[in-house]
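**Q** Below is final31.txt; it holds compact mmCIF, C-alpha atoms and all ligand atoms.
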# COMPACT_ATOMS: atom_id res chain seq x y z
CA MET M 1 0.00 0.00 0.00
CA GLY M 2 1.34 3.47 -0.91
CA THR M 3 2.29 6.10 1.64
CA VAL M 4 2.21 9.36 -0.36
CA ARG M 5 -0.63 11.53 0.84
CA GLN M 6 0.33 14.85 -0.77
CA VAL M 7 2.23 16.16 -3.78
CA THR M 8 3.17 19.82 -4.06
CA ILE M 9 4.52 21.62 -7.11
CA ALA M 10 7.18 24.32 -6.81
CA ARG M 11 6.08 27.87 -7.66
CA ARG M 12 7.05 29.54 -10.93
CA THR M 13 7.73 26.39 -12.90
CA GLY M 14 6.94 25.64 -16.54
CA PHE M 15 8.62 27.21 -19.53
CA CYS M 16 10.69 30.33 -19.01
CA TYR M 17 9.37 33.34 -20.93
CA GLY M 18 12.03 32.98 -23.63
CA VAL M 19 11.03 29.45 -24.55
CA ARG M 20 7.35 30.32 -24.27
CA GLU M 21 7.61 33.28 -26.61
CA ALA M 22 9.52 31.32 -29.25
CA ILE M 23 6.79 28.66 -29.17
CA ASP M 24 4.10 31.33 -29.38
CA LYS M 25 5.77 32.95 -32.38
CA ALA M 26 5.90 29.61 -34.20
CA LYS M 27 2.23 28.97 -33.44
CA GLU M 28 1.23 32.47 -34.52
CA ALA M 29 3.02 32.05 -37.86
CA ALA M 30 1.36 28.68 -38.49
CA ALA M 31 -2.03 30.06 -37.45
CA ALA M 32 -1.54 32.88 -39.99
CA GLY M 33 -1.27 30.24 -42.69
CA LYS M 34 2.53 30.43 -43.17
CA THR M 35 4.58 27.33 -43.86
CA THR M 36 6.55 27.37 -40.62
CA HIS M 37 9.78 25.68 -39.67
CA THR M 38 11.82 25.98 -36.50
CA LEU M 39 15.60 25.89 -36.74
CA GLY M 40 16.35 23.13 -34.22
CA GLN M 41 13.82 21.97 -31.65
CA VAL M 42 12.27 24.98 -29.91
CA VAL M 43 12.26 22.88 -26.78
CA HIS M 44 13.56 19.38 -26.09
CA ASN M 45 10.20 17.93 -25.19
CA GLU M 46 8.59 15.30 -27.35
CA GLY M 47 5.02 16.21 -26.31
CA VAL M 48 5.48 19.82 -27.37
CA ILE M 49 7.20 18.90 -30.63
CA THR M 50 4.37 16.51 -31.48
CA GLU M 51 1.84 19.24 -30.73
CA LEU M 52 3.68 21.70 -32.96
CA GLN M 53 3.86 19.11 -35.74
CA ALA M 54 0.10 18.68 -35.47
CA GLN M 55 -0.16 22.40 -36.24
CA GLY M 56 2.05 21.97 -39.30
CA ILE M 57 5.25 23.30 -37.69
CA ARG M 58 8.28 21.30 -38.74
CA THR M 59 11.69 21.19 -37.07
CA VAL M 60 14.69 21.41 -39.38
CA GLU M 61 18.33 21.07 -38.40
CA ALA M 62 19.82 23.35 -41.07
CA LEU M 63 18.71 26.36 -43.09
CA ASP M 64 19.20 24.34 -46.27
CA ASP M 65 16.31 22.14 -45.16
CA VAL M 66 13.93 25.11 -44.97
CA GLN M 67 11.48 25.08 -47.84
CA GLU M 68 11.64 28.02 -50.26
CA GLY M 69 9.26 30.80 -49.14
CA ALA M 70 8.75 29.32 -45.67
CA ALA M 71 9.00 31.19 -42.39
CA VAL M 72 11.83 30.05 -40.14
CA VAL M 73 11.65 30.56 -36.39
CA ILE M 74 14.90 31.14 -34.52
CA ARG M 75 14.56 29.54 -31.10
CA ALA M 76 15.20 31.24 -27.76
CA HIS M 77 18.89 30.18 -27.63
CA GLY M 78 19.66 32.46 -30.59
CA VAL M 79 22.07 31.78 -33.45
CA ARG M 80 25.36 33.04 -34.83
CA PRO M 81 24.97 36.25 -36.90
CA GLU M 82 25.96 34.46 -40.10
CA VAL M 83 22.92 32.18 -39.77
CA MET M 84 20.66 35.24 -39.87
CA GLU M 85 22.57 36.61 -42.87
CA ARG M 86 22.30 33.33 -44.73
CA ALA M 87 18.55 33.13 -44.06
CA GLU M 88 18.11 36.63 -45.46
CA GLU M 89 20.23 35.79 -48.51
CA ARG M 90 17.91 32.86 -49.18
CA GLY M 91 14.92 35.18 -48.95
CA LEU M 92 13.37 33.31 -46.04
CA GLU M 93 11.06 35.03 -43.63
CA VAL M 94 12.98 35.02 -40.37
CA ILE M 95 10.89 35.06 -37.19
CA ASP M 96 13.35 35.86 -34.47
CA GLY M 97 12.45 34.01 -31.27
CA THR M 98 15.81 34.76 -29.64
CA CYS M 99 15.12 35.48 -25.99
CA THR M 100 15.53 39.14 -25.11
CA TRP M 101 17.96 38.13 -22.36
CA VAL M 102 20.12 36.23 -24.85
CA ILE M 103 20.06 39.27 -27.16
CA GLN M 104 21.51 41.27 -24.25
CA GLU M 105 24.27 38.68 -23.86
CA GLN M 106 25.06 38.95 -27.56
CA ARG M 107 25.24 42.76 -27.36
CA GLU M 108 27.47 42.61 -24.29
CA LEU M 109 29.85 40.29 -26.10
CA VAL M 110 30.10 42.62 -29.09
CA ARG M 111 30.91 45.48 -26.71
CA LEU M 112 33.56 43.45 -24.86
CA VAL M 113 35.23 42.48 -28.13
CA GLU M 114 35.27 46.13 -29.25
CA GLU M 115 36.78 47.16 -25.93
CA GLY M 116 39.59 44.64 -26.30
CA TYR M 117 38.87 42.28 -23.42
CA THR M 118 40.01 38.67 -23.28
CA ILE M 119 36.62 37.09 -22.71
CA VAL M 120 35.84 34.05 -20.57
CA LEU M 121 32.39 32.61 -21.19
CA LEU M 122 31.03 30.28 -18.51
CA GLY M 123 28.89 27.77 -20.38
CA THR M 124 28.44 24.30 -21.79
CA PRO M 125 30.62 24.23 -24.93
CA ARG M 126 28.23 22.59 -27.41
CA HIS M 127 25.03 24.08 -26.00
CA PRO M 128 23.19 25.96 -28.80
CA GLU M 129 23.12 29.20 -26.80
CA VAL M 130 26.91 29.06 -26.37
CA VAL M 131 27.44 28.15 -30.04
CA GLY M 132 25.36 31.21 -30.98
CA LEU M 133 27.19 33.49 -28.54
CA LEU M 134 30.56 32.48 -29.96
CA GLY M 135 29.43 33.91 -33.27
CA PHE M 136 29.62 37.34 -31.58
CA ALA M 137 32.96 36.70 -29.85
CA PRO M 138 34.83 33.95 -31.71
CA GLU M 139 37.92 34.26 -29.53
CA ALA M 140 36.08 33.86 -26.22
CA ILE M 141 37.37 31.09 -23.97
CA VAL M 142 34.50 28.78 -23.00
CA VAL M 143 34.85 27.04 -19.65
CA ASP M 144 32.38 24.84 -17.85
CA GLU M 145 33.32 22.62 -14.89
CA GLU M 146 35.94 23.68 -12.36
CA GLU M 147 38.58 21.34 -13.74
CA ASP M 148 38.45 23.49 -16.93
CA TRP M 149 39.29 26.68 -15.15
CA GLU M 150 43.04 26.08 -15.08
CA ARG M 151 43.00 26.82 -18.83
CA ILE M 152 42.15 30.43 -18.12
CA PRO M 153 45.22 32.53 -18.92
CA ARG M 154 46.53 35.55 -17.06
CA ARG M 155 45.81 38.74 -18.97
CA LYS M 156 45.86 42.43 -18.24
CA LYS M 157 42.29 43.08 -19.32
CA MET M 158 39.77 40.29 -18.88
CA ALA M 159 35.99 39.95 -18.88
CA LEU M 160 33.70 37.26 -17.53
CA ILE M 161 30.23 36.57 -18.88
CA SER M 162 27.85 33.61 -18.60
CA GLN M 163 25.42 31.39 -20.49
CA SER M 164 21.98 32.26 -19.13
CA THR M 165 21.28 29.02 -17.28
CA GLN M 166 24.55 28.59 -15.40
CA PRO M 167 24.22 28.34 -11.62
CA PRO M 168 24.89 31.69 -9.89
CA TRP M 169 27.24 30.11 -7.31
CA LYS M 170 29.48 28.83 -10.12
CA PHE M 171 29.60 32.24 -11.78
CA GLU M 172 30.54 33.89 -8.47
CA LYS M 173 33.23 31.29 -7.76
CA LEU M 174 34.75 31.76 -11.21
CA ALA M 175 34.64 35.54 -10.81
CA ALA M 176 36.59 35.20 -7.54
CA LEU M 177 39.20 33.04 -9.26
CA MET M 178 39.56 35.47 -12.14
CA VAL M 179 40.28 38.38 -9.83
CA GLY M 180 43.70 36.78 -9.36
CA ARG M 181 44.24 36.29 -13.09
CA SER M 182 43.87 39.84 -14.34
CA HIS M 183 44.80 43.43 -13.71
CA GLU M 184 41.43 44.70 -14.89
CA LEU M 185 38.41 42.39 -14.64
CA LYS M 186 35.00 43.27 -16.05
CA ILE M 187 32.18 41.06 -14.78
CA VAL M 188 28.97 40.98 -16.80
CA ASN M 189 26.47 38.90 -14.87
CA THR M 190 24.18 37.36 -17.46
CA VAL M 191 22.80 34.51 -15.37
CA CYS M 192 19.09 34.72 -16.20
CA PRO M 193 16.76 35.84 -13.39
CA VAL M 194 14.35 33.04 -14.31
CA THR M 195 17.09 30.52 -13.56
CA ILE M 196 17.73 32.15 -10.20
CA ARG M 197 14.04 32.22 -9.25
CA ARG M 198 13.56 28.63 -10.34
CA GLN M 199 16.37 27.60 -8.04
CA GLU M 200 15.01 29.63 -5.12
CA ASP M 201 11.52 28.15 -5.52
CA THR M 202 12.89 24.62 -5.80
CA LEU M 203 14.90 25.08 -2.61
CA GLU M 204 11.81 26.44 -0.86
CA ALA M 205 9.71 23.46 -2.01
CA ALA M 206 12.43 20.97 -1.05
CA ARG M 207 12.51 22.18 2.55
CA ASP M 208 8.91 21.09 3.20
CA VAL M 209 8.82 17.63 1.63
CA ASP M 210 10.29 14.15 2.13
CA LEU M 211 11.35 13.63 -1.49
CA MET M 212 11.67 15.81 -4.59
CA VAL M 213 11.00 14.73 -8.16
CA VAL M 214 12.80 16.94 -10.69
CA VAL M 215 11.42 16.85 -14.24
CA GLY M 216 13.54 17.85 -17.23
CA GLY M 217 15.88 16.76 -19.99
CA ARG M 218 18.57 14.32 -18.90
CA ASN M 219 21.26 16.62 -20.30
CA SER M 220 19.67 19.88 -19.23
CA ALA M 221 22.16 21.80 -17.09
CA ASN M 222 19.49 23.81 -15.29
CA THR M 223 17.55 20.63 -14.46
CA LYS M 224 20.64 18.90 -13.07
CA GLU M 225 21.32 21.96 -10.96
CA LEU M 226 17.82 21.76 -9.43
CA THR M 227 18.51 18.14 -8.45
CA ARG M 228 21.80 19.18 -6.88
CA LEU M 229 20.13 21.97 -4.92
CA CYS M 230 17.59 19.54 -3.44
CA GLY M 231 20.55 17.59 -2.08
CA ILE M 232 21.95 20.78 -0.56
CA ALA M 233 18.57 21.33 1.14
CA GLY M 234 18.98 17.83 2.62
CA THR M 235 16.07 16.39 0.63
CA PRO M 236 16.58 13.30 -1.52
CA ALA M 237 15.69 13.84 -5.17
CA VAL M 238 15.06 11.78 -8.26
CA GLN M 239 15.41 13.29 -11.73
CA ILE M 240 13.14 12.10 -14.55
CA GLU M 241 12.25 13.17 -18.07
CA SER M 242 8.56 12.28 -18.08
CA PRO M 243 5.85 10.56 -16.01
CA ALA M 244 6.63 7.31 -17.86
CA ASP M 245 9.98 7.19 -16.04
CA LEU M 246 8.12 6.64 -12.76
CA ASP M 247 7.49 2.93 -12.73
CA ASP M 248 8.96 1.86 -9.41
CA ALA M 249 6.71 2.56 -6.42
CA GLY M 250 9.62 1.51 -4.18
CA VAL M 251 11.19 4.97 -4.73
CA PHE M 252 8.39 6.39 -2.57
CA ASP M 253 8.50 3.82 0.25
CA GLY M 254 7.72 5.54 3.54
CA VAL M 255 7.40 8.96 1.82
CA ALA M 256 4.37 11.04 2.83
CA VAL M 257 4.89 14.36 1.01
CA VAL M 258 6.54 14.71 -2.40
CA GLY M 259 7.58 17.94 -4.13
CA VAL M 260 7.75 18.32 -7.91
CA THR M 261 9.77 20.87 -9.85
CA GLY M 262 10.96 21.22 -13.44
CA GLY M 263 13.57 22.84 -15.65
CA THR M 264 12.96 25.85 -17.87
CA SER M 265 12.15 23.62 -20.86
CA THR M 266 9.59 21.49 -19.04
CA PRO M 267 5.95 22.35 -19.76
CA ILE M 268 3.88 22.94 -16.68
CA GLU M 269 1.37 20.31 -17.77
CA ASP M 270 4.10 17.69 -17.42
CA LEU M 271 4.44 18.56 -13.73
CA GLN M 272 0.74 17.98 -13.20
CA HIS M 273 0.99 14.62 -14.98
CA VAL M 274 3.98 13.67 -12.84
CA ALA M 275 2.08 14.63 -9.66
CA GLU M 276 -0.86 12.51 -10.78
CA ARG M 277 1.43 9.59 -11.63
CA ILE M 278 3.09 9.69 -8.20
CA LEU M 279 -0.26 9.68 -6.41
CA ALA M 280 -1.64 6.89 -8.57
CA LEU M 281 1.53 4.81 -8.21
CA ALA M 282 2.45 5.35 -4.58
CA GLY M 283 -0.40 7.24 -2.95
CA THR M 284 -2.36 6.14 0.08
CA PRO M 285 -5.64 4.51 -1.00
CA GLU M 286 -7.48 7.85 -0.55
CA ALA M 287 -4.83 9.84 -2.40
CA ALA M 288 -4.58 7.30 -5.23
CA ALA M 289 -8.36 7.36 -5.67
CA SER M 290 -8.30 11.15 -6.20
CA ALA M 291 -4.94 11.40 -7.96
CA ARG M 292 -6.20 13.54 -10.85
CA GLU M 293 -8.04 16.07 -8.68
CA LEU M 294 -5.16 16.35 -6.20
CA ALA M 295 -2.65 16.89 -9.00
CA ARG M 296 -4.85 19.57 -10.57
CA ALA M 297 -5.20 21.29 -7.21
CA ALA M 298 -1.42 21.17 -6.63
CA LEU M 299 -0.83 22.91 -9.95
CA ALA M 300 -3.54 25.48 -9.36
CA VAL M 301 -1.80 26.48 -6.12
CA ALA M 302 1.65 26.65 -7.70
CA ALA M 303 1.05 28.04 -11.16
CA THR M 304 1.75 31.66 -12.01
CA PRO M 305 1.70 33.38 -15.39
CA ALA M 306 5.43 32.72 -15.58
CA GLY M 307 4.61 29.05 -15.61
CA ARG M 308 2.18 29.09 -18.48
CA THR M 309 3.22 26.80 -21.29
CA THR M 310 1.96 29.16 -23.94
CA SER M 311 -0.28 32.16 -24.21
CA LEU M 312 -2.04 30.83 -27.26
CA PRO M 313 -5.01 28.51 -26.98
CA SER M 314 -4.27 25.00 -28.01
CA PRO M 315 -7.00 22.41 -28.38
CA GLY M 316 -6.72 19.39 -26.16
CA ARG M 317 -4.29 20.87 -23.66
CA VAL M 318 -4.93 22.24 -20.19
CA THR M 319 -5.00 26.04 -20.06
CA PHE M 320 -4.59 27.94 -16.81
CA VAL M 321 -5.78 31.47 -16.39
CA HIS M 322 -4.46 33.60 -13.57
CA ALA M 323 -5.59 36.91 -12.24
CA ALA M 324 -2.20 38.39 -11.33
CA GLY M 325 -0.27 40.08 -14.12
CA GLU M 326 3.19 39.15 -12.92
CA ARG M 327 5.83 38.50 -15.52
CA THR M 328 9.40 37.44 -14.94
CA ALA M 329 12.08 39.12 -16.97
S1 LIG M 401 16.46 30.69 -19.37
FE1 LIG M 401 16.27 32.92 -19.34
S2 LIG M 401 17.66 33.59 -20.94
FE2 LIG M 401 17.33 31.43 -21.32
S3 LIG M 401 15.63 31.40 -22.77
FE3 LIG M 401 14.75 31.24 -20.71
S4 LIG M 401 14.23 33.37 -20.13
FE4 LIG M 401 15.64 33.44 -21.85
Written as structure tokens, that's how I'd like the structure from this file.
Ligand code: SF4

**A**
Amino acid sequence: MGTVRQVTIARRTGFCYGVREAIDKAKEAAAAGKTTHTLGQVVHNEGVITELQAQGIRTVEALDDVQEGAAVVIRAHGVRPEVMERAEERGLEVIDGTCTWVIQEQRELVRLVEEGYTIVLLGTPRHPEVVGLLGFAPEAIVVDEEEDWERIPRRKKMALISQSTQPPWKFEKLAALMVGRSHELKIVNTVCPVTIRRQEDTLEAARDVDLMVVVGGRNSANTKELTRLCGIAGTPAVQIESPADLDDAGVFDGVAVVGVTGGTSTPIEDLQHVAERILALAGTPEAAASARELARAALAVAATPAGRTTSLPSPGRVTFVHAAGERTA
């Protein structure tokens, strides 16, 4: 018999505004009757990709695969400037879904290059956002884990900048190290506020539960960081990609209250489905019997406009409407 009597969902989860807006732009283009392609997956979530495909939106991996006359949506991570130029040369309609925060990062990099700084970029080397950023500062030194940091040279004039989803503690630690490597150090803190809030809310949720379930891509850096933070809060955590990954009720043995959180590319509906799955799989008889209602209620308490999957209506999906007009940026 299961022991879980309650599942809570962390506040301010769901897609970040950058991902949400890129998805909205793709849907708007398709709804306007345009042949619409996205350059790379707008979000690494099969459910969302399938839904976009159902609306006629196709993912392509290269500009050469974009049909003549089609609209191409640039995802929130942004692209190298030459990709934009090439799209224009081909006469494609470019719908720029680059997140406004990433655009700021790109502008900062251009400025740092002009000012002659040796730039260190904290980020995951092959992550699309980092690949795009390097188009604005090709000589930037990309470092990720601490064992990489020894590669950072000593220079008179250095600058530090970050990929948006890097953990703030890592950025601060690297900044401290770089103080000793340069005469002049310019620090441009581009860790995205959504990332910071997501981490704060996950920590808050983790403090009140027996176990956390973190939902997000296996390789997503911001998801892994949420799992790590749960450990720091002293709460055990399991990381999954989807409700289907929860097939062992033994994980919840003796657990009464479970918290659920998700990365910035995880739709908020997935968190509700995960909550429902936990209750159905490992809930007390009463909780299991009302798994759907309890999961809906958990999401209704947690959800904010920042957690909406998309602002556009989409048949067959749950839509949440909230009174407050808060927006994270
Ligand atoms: S994490 Fe932040 S910077 Fe990155 S796409 Fe989302 S809102 Fe934009």

**Q** Rounded to one decimal in Å, what is the spacing between CA of Val79 in chain M and CA of Asp148 in chain M?

**A** 24.7 Å

**Q** Using all atoms listed in the file, determine which residues lie at most 9 Å from Leu174 in chain M, disregarding the query and same-chain residues fewer than 2 positions distant; provide the list as a list in words.

**A**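 In the requested format, the answer is Leu122, Glu146, Trp149, Leu160, Trp169, Lys170, Phe171, Glu172, Ala176, Leu177, Met178 and Val179 of chain M.
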
**Q** Store the residues picked out above in a file with C-alpha atoms, as a PDB file, keeping the file's coordinate frame.

**A**
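And here's selection-v3.pdb as it stands now:
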ATOM      1  CA  LEU M 122      31.030  30.280 -18.510  1.00  0.00           C
ATOM      2  CA  GLU M 146      35.940  23.680 -12.360  1.00  0.00           C
ATOM      3  CA  TRP M 149      39.290  26.680 -15.150  1.00  0.00           C
ATOM      4  CA  LEU M 160      33.700  37.260 -17.530  1.00  0.00           C
ATOM      5  CA  TRP M 169      27.240  30.110  -7.310  1.00  0.00           C
ATOM      6  CA  LYS M 170      29.480  28.830 -10.120  1.00  0.00           C
ATOM      7  CA  PHE M 171      29.600  32.240 -11.780  1.00  0.00           C
ATOM      8  CA  GLU M 172      30.540  33.890  -8.470  1.00  0.00           C
ATOM      9  CA  ALA M 176      36.590  35.200  -7.540  1.00  0.00           C
ATOM     10  CA  LEU M 177      39.200  33.040  -9.260  1.00  0.00           C
ATOM     11  CA  MET M 178      39.560  35.470 -12.140  1.00  0.00           C
ATOM     12  CA  VAL M 179      40.280  38.380  -9.830  1.00  0.00           C
TER      13      VAL M 179
END

**Q** As a list in words, please: the residues near range 240-247 of chain M (cut-off 7 Å, only C-alpha atoms, same-chain neighbours under 4 positions excluded).

**A** Val214, Val215, Gly216, Gly217, Arg218, His273, Val274 and Arg277 of chain M

**Q** From the options M:Ala291, M:Pro285, M:Leu211, M:Glu108, which residue's atoms come nearest to Gly254 in chain M, counting all atoms listed in the file?

**A**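 Going through M:Ala291, M:Pro285, M:Leu211, M:Glu108 one by one, the smallest distance to Gly254 in chain M is for M:Leu211.
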
**Q** Give as a PDB file with C-alpha atoms, in the coordinates of the input the residues surrounding ligand LIG 401 (chain M) up to a distance of 8 Å, considering all atoms listed in the file.

**A**
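That gives us part-v3.pdb:
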ATOM      1  CA  PHE M  15       8.620  27.210 -19.530  1.00  0.00           C
ATOM      2  CA  CYS M  16      10.690  30.330 -19.010  1.00  0.00           C
ATOM      3  CA  TYR M  17       9.370  33.340 -20.930  1.00  0.00           C
ATOM      4  CA  GLY M  18      12.030  32.980 -23.630  1.00  0.00           C
ATOM      5  CA  VAL M  19      11.030  29.450 -24.550  1.00  0.00           C
ATOM      6  CA  ALA M  76      15.200  31.240 -27.760  1.00  0.00           C
ATOM      7  CA  HIS M  77      18.890  30.180 -27.630  1.00  0.00           C
ATOM      8  CA  THR M  98      15.810  34.760 -29.640  1.00  0.00           C
ATOM      9  CA  CYS M  99      15.120  35.480 -25.990  1.00  0.00           C
ATOM     10  CA  THR M 100      15.530  39.140 -25.110  1.00  0.00           C
ATOM     11  CA  TRP M 101      17.960  38.130 -22.360  1.00  0.00           C
ATOM     12  CA  VAL M 102      20.120  36.230 -24.850  1.00  0.00           C
ATOM     13  CA  SER M 164      21.980  32.260 -19.130  1.00  0.00           C
ATOM     14  CA  THR M 165      21.280  29.020 -17.280  1.00  0.00           C
ATOM     15  CA  VAL M 191      22.800  34.510 -15.370  1.00  0.00           C
ATOM     16  CA  CYS M 192      19.090  34.720 -16.200  1.00  0.00           C
ATOM     17  CA  PRO M 193      16.760  35.840 -13.390  1.00  0.00           C
ATOM     18  CA  VAL M 194      14.350  33.040 -14.310  1.00  0.00           C
ATOM     19  CA  THR M 195      17.090  30.520 -13.560  1.00  0.00           C
ATOM     20  CA  THR M 264      12.960  25.850 -17.870  1.00  0.00           C
ATOM     21  CA  ALA M 329      12.080  39.120 -16.970  1.00  0.00           C
TER      22      ALA M 329
END
